[in-house]
>>> print(open('entry09.cif').read())   # mmCIF, C-alpha atoms and all ligand atoms
data_start
#
loop_
_atom_site.group_PDB
_atom_site.id
_atom_site.type_symbol
_atom_site.label_atom_id
_atom_site.label_comp_id
_atom_site.auth_asym_id
_atom_site.auth_seq_id
_atom_site.Cartn_x
_atom_site.Cartn_y
_atom_site.Cartn_z
ATOM 1 C CA MET A 1352 35.429 -31.687 10.628
ATOM 2 C CA LYS A 1353 36.448 -28.064 10.386
ATOM 3 C CA CYS A 1354 36.471 -25.825 13.446
ATOM 4 C CA SER A 1355 33.789 -23.575 11.917
ATOM 5 C CA ALA A 1356 31.457 -26.543 11.336
ATOM 6 C CA CYS A 1357 32.147 -27.814 14.853
ATOM 7 C CA ARG A 1358 31.303 -24.474 16.468
ATOM 8 C CA GLU A 1359 28.223 -24.109 14.317
ATOM 9 C CA ARG A 1360 26.876 -27.439 15.588
ATOM 10 C CA LEU A 1361 27.841 -26.961 19.216
ATOM 11 C CA PRO A 1362 24.532 -25.437 20.347
ATOM 12 C CA ALA A 1363 22.574 -28.333 18.867
ATOM 13 C CA TYR A 1364 25.033 -30.776 20.410
ATOM 14 C CA GLN A 1365 24.741 -29.234 23.837
ATOM 15 C CA ASP A 1366 20.957 -29.234 23.541
ATOM 16 C CA GLY A 1367 21.111 -32.915 22.642
ATOM 17 C CA VAL A 1368 19.370 -32.477 19.298
ATOM 18 C CA LEU A 1369 22.314 -33.179 16.982
ATOM 19 C CA ALA A 1370 22.024 -36.204 14.649
ATOM 20 C CA ALA A 1371 23.831 -39.297 15.930
ATOM 21 C CA GLY A 1372 26.293 -39.427 13.028
ATOM 22 C CA ALA A 1373 27.209 -35.784 13.496
ATOM 23 C CA VAL A 1374 27.661 -36.315 17.252
ATOM 24 C CA ALA A 1375 30.460 -38.846 16.661
ATOM 25 C CA ASP A 1376 32.213 -36.501 14.215
ATOM 26 C CA LEU A 1377 31.897 -33.566 16.578
ATOM 27 C CA GLU A 1378 33.124 -35.450 19.607
ATOM 28 C CA ALA A 1379 36.099 -36.719 17.621
ATOM 29 C CA HIS A 1380 36.925 -33.117 16.652
ATOM 30 C CA LEU A 1381 36.524 -31.862 20.224
ATOM 31 C CA ALA A 1382 38.868 -34.587 21.423
ATOM 32 C CA SER A 1383 41.537 -33.489 18.978
ATOM 33 C CA CYS A 1384 41.031 -29.702 18.967
ATOM 34 C CA GLU A 1385 41.897 -27.736 22.054
ATOM 35 C CA GLY A 1386 40.466 -24.474 20.711
ATOM 36 C CA CYS A 1387 37.022 -25.918 20.087
ATOM 37 C CA ARG A 1388 37.081 -27.680 23.454
ATOM 38 C CA ALA A 1389 37.703 -24.368 25.201
ATOM 39 C CA PHE A 1390 34.994 -22.757 23.104
ATOM 40 C CA ALA A 1391 32.496 -25.483 24.018
ATOM 41 C CA GLU A 1392 33.334 -25.101 27.690
ATOM 42 C CA GLU A 1393 32.801 -21.346 27.524
ATOM 43 C CA MET A 1394 29.457 -21.874 25.862
ATOM 44 C CA MET A 1395 28.409 -24.249 28.632
ATOM 45 C CA ILE A 1396 29.365 -21.698 31.275
ATOM 46 C CA VAL A 1397 27.414 -18.942 29.560
ATOM 47 C CA GLU A 1398 24.399 -21.191 29.183
ATOM 48 C CA HIS A 1399 24.486 -22.129 32.865
ATOM 49 C CA ARG A 1400 24.706 -18.501 33.861
ATOM 50 C CA LEU A 1401 21.768 -17.658 31.654
ATOM 51 C CA ALA A 1402 19.775 -20.518 33.146
ATOM 52 C CA ARG A 1403 20.466 -19.243 36.646
ATOM 53 C CA LEU A 1404 19.233 -15.737 35.874
ATOM 54 C CA SER A 1405 16.087 -15.149 37.786
ATOM 55 C CA THR A 1406 13.271 -13.355 36.075
ATOM 56 C CA ILE A 1407 12.431 -9.984 37.523
ATOM 57 C CA GLU A 1408 9.057 -9.882 39.236
ATOM 58 C CA PRO A 1409 7.492 -6.448 39.558
ATOM 59 C CA ARG A 1410 6.247 -5.369 42.936
ATOM 60 C CA ALA A 1411 2.674 -6.330 43.684
ATOM 61 C CA ASP A 1412 1.618 -2.688 43.662
ATOM 62 C CA PHE A 1413 3.643 -1.812 40.537
ATOM 63 C CA THR A 1414 0.666 -0.808 38.379
ATOM 64 C CA GLN A 1415 -0.918 1.182 41.183
ATOM 65 C CA ALA A 1416 2.329 3.017 41.913
ATOM 66 C CA VAL A 1417 2.778 3.944 38.244
ATOM 67 C CA MET A 1418 -0.797 5.141 37.908
ATOM 68 C CA GLN A 1419 -0.451 7.192 41.098
ATOM 69 C CA ARG A 1420 2.636 8.923 39.726
ATOM 70 C CA ILE A 1421 0.855 9.622 36.473
ATOM 71 C CA SER A 1422 -2.112 11.145 38.250
ATOM 72 C CA ALA A 1423 0.281 13.248 40.352
ATOM 73 C CA LEU A 1424 1.782 14.781 37.187
ATOM 74 C CA PRO A 1425 0.500 18.241 36.251
ATOM 75 C CA ALA A 1426 -2.220 18.121 33.608
ATOM 76 C CA PRO A 1427 -1.004 19.055 30.119
ATOM 77 C CA ALA A 1428 -1.831 22.619 29.189
ATOM 78 C CA THR A 1429 -4.945 22.807 27.029
ATOM 79 C CA GLN A 1430 -5.024 24.955 23.937
ATOM 80 C CA PRO A 1431 -6.856 28.232 24.542
ATOM 81 C CA ARG A 1432 -10.154 27.941 22.700
ATOM 82 C CA LEU A 1433 -11.181 30.625 20.246
ATOM 83 C CA HIS A 1434 -14.582 31.791 21.356
ATOM 84 C CA ILE A 1435 -17.191 32.707 18.788
ATOM 85 C CA TRP A 1436 -17.669 36.193 20.231
ATOM 86 C CA TRP A 1437 -14.127 37.034 19.123
ATOM 87 C CA LEU A 1438 -15.418 36.912 15.552
ATOM 88 C CA GLY A 1439 -17.906 39.635 16.477
ATOM 89 C CA VAL A 1440 -15.091 41.720 17.992
ATOM 90 C CA TYR A 1441 -12.958 41.348 14.882
ATOM 91 C CA ASP A 1442 -15.908 42.219 12.679
ATOM 92 C CA ALA A 1443 -16.723 45.349 14.706
ATOM 93 C CA LEU A 1444 -13.060 46.406 14.628
ATOM 94 C CA ALA A 1445 -12.953 45.942 10.854
ATOM 95 C CA TRP A 1446 -16.048 48.128 10.451
ATOM 96 C CA VAL A 1447 -14.563 50.806 12.698
ATOM 97 C CA VAL A 1448 -11.386 50.831 10.614
ATOM 98 C CA VAL A 1449 -13.348 51.046 7.356
ATOM 99 C CA ALA A 1450 -15.514 53.848 8.755
ATOM 100 C CA LEU A 1451 -12.418 55.754 9.905
ATOM 101 C CA LEU A 1452 -10.769 55.371 6.511
ATOM 102 C CA ALA A 1453 -13.930 56.576 4.757
ATOM 103 C CA ALA A 1454 -14.351 59.518 7.162
ATOM 104 C CA THR A 1455 -10.760 60.659 6.688
ATOM 105 C CA GLY A 1456 -11.041 60.394 2.900
ATOM 106 C CA PHE A 1457 -8.668 57.479 2.398
ATOM 107 C CA LEU A 1458 -11.506 55.348 1.010
ATOM 108 C CA ARG A 1459 -13.516 56.994 -1.764
ATOM 109 C CA TRP A 1460 -16.651 54.948 -2.312
ATOM 110 C CA LYS A 1461 -17.733 56.812 -5.394
ATOM 111 C CA THR A 1462 -14.357 56.274 -7.060
ATOM 112 C CA ILE A 1463 -14.365 52.582 -6.180
ATOM 113 C CA VAL A 1464 -17.887 52.083 -7.541
ATOM 114 C CA ALA A 1465 -17.108 54.062 -10.693
ATOM 115 C CA GLU A 1466 -13.852 52.232 -11.371
ATOM 116 C CA GLY A 1467 -15.552 48.891 -10.745
ATOM 117 C CA GLY A 1468 -18.354 49.752 -13.129
ATOM 118 C CA VAL A 1469 -15.881 50.756 -15.860
ATOM 119 C CA LEU A 1470 -13.947 47.520 -15.354
ATOM 120 C CA PHE A 1471 -17.096 45.394 -15.658
ATOM 121 C CA GLY A 1472 -18.117 47.324 -18.753
ATOM 122 C CA LYS A 1473 -14.749 46.727 -20.383
ATOM 123 C CA LEU A 1474 -14.916 43.040 -19.535
ATOM 124 C CA ALA A 1475 -18.392 42.795 -21.048
ATOM 125 C CA LEU A 1476 -17.223 44.564 -24.225
ATOM 126 C CA CYS A 1477 -14.226 42.236 -24.495
ATOM 127 C CA GLY A 1478 -16.451 39.202 -24.037
ATOM 128 C CA GLY A 1479 -18.866 40.432 -26.696
ATOM 129 C CA ALA A 1480 -16.039 41.129 -29.166
ATOM 130 C CA LEU A 1481 -14.511 37.715 -28.553
ATOM 131 C CA TYR A 1482 -17.873 36.051 -29.076
ATOM 132 C CA ARG A 1483 -18.439 37.930 -32.349
ATOM 133 C CA ILE A 1484 -14.998 36.949 -33.652
ATOM 134 C CA ALA A 1485 -15.536 33.317 -32.657
ATOM 135 C CA ASP A 1486 -18.977 33.324 -34.252
ATOM 136 C CA HIS A 1487 -17.587 34.775 -37.460
ATOM 137 C CA PHE A 1488 -15.261 31.785 -37.843
ATOM 138 C CA HIS A 1489 -18.011 29.366 -36.692
ATOM 139 C CA LEU A 1490 -15.839 28.589 -33.703
ATOM 140 C CA THR A 1491 -18.867 28.172 -31.455
ATOM 141 C CA THR A 1492 -20.236 25.416 -33.701
ATOM 142 C CA LEU A 1493 -16.778 23.887 -33.861
ATOM 143 C CA ALA A 1494 -16.395 23.994 -30.077
ATOM 144 C CA LEU A 1495 -19.845 22.486 -29.575
ATOM 145 C CA PHE A 1496 -19.246 19.570 -31.942
ATOM 146 C CA GLY A 1497 -15.678 19.148 -30.716
ATOM 147 C CA GLY A 1498 -16.947 18.907 -27.159
ATOM 148 C CA LEU A 1499 -19.588 16.366 -28.143
ATOM 149 C CA ILE A 1500 -17.063 14.205 -30.016
ATOM 150 C CA GLU A 1501 -14.580 14.441 -27.148
ATOM 151 C CA GLY A 1502 -17.247 13.428 -24.668
ATOM 152 C CA ALA A 1503 -18.235 10.440 -26.797
ATOM 153 C CA VAL A 1504 -14.571 9.352 -27.114
ATOM 154 C CA LEU A 1505 -14.063 9.771 -23.381
ATOM 155 C CA LEU A 1506 -17.130 7.668 -22.609
ATOM 156 C CA ALA A 1507 -15.954 4.952 -25.004
ATOM 157 C CA LEU A 1508 -12.493 5.003 -23.408
ATOM 158 C CA LEU A 1509 -13.992 4.773 -19.935
ATOM 159 C CA TYR A 1510 -16.173 1.840 -20.962
ATOM 160 C CA ALA A 1511 -13.299 0.045 -22.665
ATOM 161 C CA GLY A 1512 -10.960 0.897 -19.793
ATOM 162 C CA ARG A 1513 -13.291 -0.562 -17.193
ATOM 163 C CA HIS A 1514 -13.573 -3.838 -19.070
ATOM 164 C CA TYR A 1515 -9.878 -3.925 -19.871
ATOM 165 C CA LEU A 1516 -8.866 -3.086 -16.300
ATOM 166 C CA ALA A 1517 -11.212 -5.720 -14.897
ATOM 167 C CA GLY A 1518 -9.475 -8.263 -17.149
ATOM 168 C CA VAL A 1519 -6.056 -7.072 -16.009
ATOM 169 C CA ARG A 1520 -7.088 -7.313 -12.359
ATOM 170 C CA THR A 1521 -8.439 -10.813 -12.762
ATOM 171 C CA ALA A 1522 -5.228 -11.846 -14.510
ATOM 172 C CA ALA A 1523 -3.100 -10.248 -11.803
ATOM 173 C CA LEU A 1524 -5.100 -11.875 -9.009
ATOM 174 C CA SER A 1525 -5.016 -15.327 -10.569
ATOM 175 C CA GLY A 1526 -1.263 -14.820 -11.133
ATOM 176 C CA ALA A 1527 -0.851 -13.934 -7.479
ATOM 177 C CA HIS A 1528 -2.773 -17.046 -6.436
ATOM 178 C CA THR A 1529 -0.698 -19.427 -8.567
ATOM 179 C CA SER A 1530 2.662 -17.979 -7.498
HETATM 180 ZN ZN ZN B 1 38.364 -27.062 16.279
#
>>> encode(input="entry09.cif", output="C-alpha cells", more="lines below")
Ligand SMILES: [Zn+2]
Amino acid sequence: MKCSACRERLPAYQDGVLAAGAVADLEAHLASCEGCRAFAEEMMIVEHRLARLSTIEPRADFTQAVMQRISALPAPATQPRLHIWWLGVYDALAWVVVALLAATGFLRWKTIVAEGGVLFGKLALCGGALYRIADHFHLTTLALFGGLIEGAVLLALLYAGRHYLAGVRTAALSGAHTS
C-alpha cells in the first residue's frame, strides 16, 4: 500500500468503518512505515481534542440582552417627507416668476402666440403637401394595402409560431424528463 492510499483511508480506519480486507493492508503498512504511523497518531490526537471541545452555550438571557441593546440604539433617521403643500408653493413661485418676466418685458405673449401660430400653419401646409404628393403616386392606397398584407402575415406568423413553440416546449420538457 502506498502512503497516500494509507493516509486517505486512515479516517475510515479510525472510525472503524474500513472494510476488513483493507484493514489488514493498512495495519501492515502502518507497522512498516514510520511516517504514516506518526501521521495516524497525530490524527488521533486532533480527533480527541475535537471531541473534548465543549459546545458554547449562550447565556440564558442572551436574546433579551441583544434585544435590549437594539432597542437602546438610536432610531434610524427617517427621510423628510415631501408635503403636498410644497407643490402649491412651487406653483405660486413659478407664477410669480412668469408674471415678473411678463411685466418686465422679457416674455412677450403676443410674439409667442404669433410665432406658434405661424409654426402650426407651416406644419399644416407641409402635411397637406406631403399628402398630395403621396396621393399623386397612390402611396396612400399602397400603404393601406401594404399594412393589411403585413397584418395578415403577422397574424399567420403568430398563429404558426404559437403552435410551433408549443411543440418545441413539449419536446424540450419531455427531453428534460428522460435525461
Ligand atoms: Zn506510509
>>> resolve_selection(input="entry09.cif", expression="the PyMOL selection byres (((not hetatm)) within 7 of (chain B and resi 1))", output="list in words")
Lys1353, Cys1354, Cys1357, His1380, Leu1381, Cys1384, Glu1385, Gly1386 and Cys1387 of chain A
>>> atom_distance(input="entry09.cif", atom1="CA of Glu1466 (chain A)", atom2="CA of Val1447 (chain A)")
24.1 Å
>>> closest_residue(input="entry09.cif", among="A:Ala1379, A:Val1374, A:Ile1407, A:Leu1361", to="Met1395 (chain A)", atoms="all atoms listed in the file")
A:Leu1361
>>> atom_distance(input="entry09.cif", atom1="CA of His1399 (chain A)", atom2="CA of Ala1411 (chain A)")
29.0 Å
>>> residues_around(input="entry09.cif", residues="Arg1358 (chain A)", least_positions_apart="5", cutoff="10 Å", atoms="all atoms listed in the file", output="NGL selection string")
:A and (1353 or 1363-1364 or 1377 or 1381 or 1387-1388 or 1390-1391 or 1394)
>>> write_last_selection(input="entry09.cif", atoms="C-alpha atoms", output="compact mmCIF listing (two decimals), keeping the file's coordinate frame")
# COMPACT_ATOMS: atom_id res chain seq x y z
CA LYS A 1353 36.45 -28.06 10.39
CA ALA A 1363 22.57 -28.33 18.87
CA TYR A 1364 25.03 -30.78 20.41
CA LEU A 1377 31.90 -33.57 16.58
CA LEU A 1381 36.52 -31.86 20.22
CA CYS A 1387 37.02 -25.92 20.09
CA ARG A 1388 37.08 -27.68 23.45
CA PHE A 1390 34.99 -22.76 23.10
CA ALA A 1391 32.50 -25.48 24.02
CA MET A 1394 29.46 -21.87 25.86
>>> atom_distance(input="entry09.cif", atom1="CA of Ile1500 (chain A)", atom2="CA of Arg1513 (chain A)")
19.9 Å
>>> build_atoms(input="entry09.cif", residues="region 1471-1502 of chain A", atoms="N, CA and C atoms", output="short mmCIF file (atom, residue, chain, number, x, y, z; two decimals), in the coordinates of the input")
data_model
loop_
_atom_site.label_atom_id
_atom_site.label_comp_id
_atom_site.auth_asym_id
_atom_site.auth_seq_id
_atom_site.Cartn_x
_atom_site.Cartn_y
_atom_site.Cartn_z
N PHE A 1471 -16.11 46.40 -15.23
CA PHE A 1471 -17.10 45.39 -15.66
C PHE A 1471 -17.54 45.67 -17.08
N GLY A 1472 -17.71 46.96 -17.39
CA GLY A 1472 -18.12 47.32 -18.75
C GLY A 1472 -17.10 46.87 -19.77
N LYS A 1473 -15.83 47.12 -19.46
CA LYS A 1473 -14.75 46.73 -20.38
C LYS A 1473 -14.75 45.22 -20.58
N LEU A 1474 -14.91 44.51 -19.46
CA LEU A 1474 -14.92 43.04 -19.54
C LEU A 1474 -16.05 42.56 -20.42
N ALA A 1475 -17.24 43.19 -20.26
CA ALA A 1475 -18.39 42.80 -21.05
C ALA A 1475 -18.13 43.05 -22.53
N LEU A 1476 -17.53 44.22 -22.83
CA LEU A 1476 -17.22 44.56 -24.22
C LEU A 1476 -16.25 43.55 -24.82
N CYS A 1477 -15.22 43.21 -24.03
CA CYS A 1477 -14.23 42.24 -24.50
C CYS A 1477 -14.90 40.91 -24.79
N GLY A 1478 -15.77 40.48 -23.86
CA GLY A 1478 -16.45 39.20 -24.04
C GLY A 1478 -17.30 39.22 -25.30
N GLY A 1479 -18.02 40.33 -25.51
CA GLY A 1479 -18.87 40.43 -26.70
C GLY A 1479 -18.03 40.36 -27.96
N ALA A 1480 -16.91 41.12 -27.98
CA ALA A 1480 -16.04 41.13 -29.17
C ALA A 1480 -15.50 39.74 -29.45
N LEU A 1481 -15.06 39.07 -28.39
CA LEU A 1481 -14.51 37.72 -28.55
C LEU A 1481 -15.57 36.78 -29.13
N TYR A 1482 -16.80 36.93 -28.62
CA TYR A 1482 -17.87 36.05 -29.08
C TYR A 1482 -18.14 36.30 -30.56
N ARG A 1483 -18.15 37.60 -30.95
CA ARG A 1483 -18.44 37.93 -32.35
C ARG A 1483 -17.36 37.35 -33.26
N ILE A 1484 -16.10 37.49 -32.84
CA ILE A 1484 -15.00 36.95 -33.65
C ILE A 1484 -15.15 35.43 -33.79
N ALA A 1485 -15.41 34.77 -32.65
CA ALA A 1485 -15.54 33.32 -32.66
C ALA A 1485 -16.70 32.91 -33.55
N ASP A 1486 -17.79 33.66 -33.46
CA ASP A 1486 -18.98 33.32 -34.25
C ASP A 1486 -18.69 33.49 -35.74
N HIS A 1487 -17.90 34.51 -36.06
CA HIS A 1487 -17.59 34.78 -37.46
C HIS A 1487 -16.89 33.57 -38.09
N PHE A 1488 -15.99 32.94 -37.32
CA PHE A 1488 -15.26 31.78 -37.84
C PHE A 1488 -15.97 30.47 -37.49
N HIS A 1489 -17.23 30.55 -37.08
CA HIS A 1489 -18.01 29.37 -36.69
C HIS A 1489 -17.32 28.56 -35.60
N LEU A 1490 -16.58 29.29 -34.77
CA LEU A 1490 -15.84 28.59 -33.70
C LEU A 1490 -16.78 28.01 -32.66
N THR A 1491 -17.93 28.69 -32.47
CA THR A 1491 -18.87 28.17 -31.46
C THR A 1491 -19.40 26.81 -31.88
N THR A 1492 -19.75 26.71 -33.18
CA THR A 1492 -20.24 25.42 -33.70
C THR A 1492 -19.14 24.37 -33.56
N LEU A 1493 -17.93 24.80 -33.93
CA LEU A 1493 -16.78 23.89 -33.86
C LEU A 1493 -16.58 23.40 -32.43
N ALA A 1494 -16.63 24.35 -31.49
CA ALA A 1494 -16.40 23.99 -30.08
C ALA A 1494 -17.48 23.04 -29.60
N LEU A 1495 -18.73 23.33 -30.01
CA LEU A 1495 -19.84 22.49 -29.58
C LEU A 1495 -19.66 21.06 -30.06
N PHE A 1496 -19.39 20.91 -31.38
CA PHE A 1496 -19.25 19.57 -31.94
C PHE A 1496 -17.98 18.90 -31.42
N GLY A 1497 -16.94 19.70 -31.27
CA GLY A 1497 -15.68 19.15 -30.72
C GLY A 1497 -15.91 18.59 -29.32
N GLY A 1498 -16.66 19.36 -28.53
CA GLY A 1498 -16.95 18.91 -27.16
C GLY A 1498 -17.75 17.63 -27.16
N LEU A 1499 -18.75 17.57 -28.07
CA LEU A 1499 -19.59 16.37 -28.14
C LEU A 1499 -18.75 15.15 -28.52
N ILE A 1500 -17.90 15.33 -29.55
CA ILE A 1500 -17.06 14.20 -30.02
C ILE A 1500 -16.13 13.77 -28.90
N GLU A 1501 -15.51 14.77 -28.23
CA GLU A 1501 -14.58 14.44 -27.15
C GLU A 1501 -15.27 13.67 -26.03
N GLY A 1502 -16.49 14.12 -25.71
CA GLY A 1502 -17.25 13.43 -24.67
C GLY A 1502 -17.54 11.99 -25.05
#
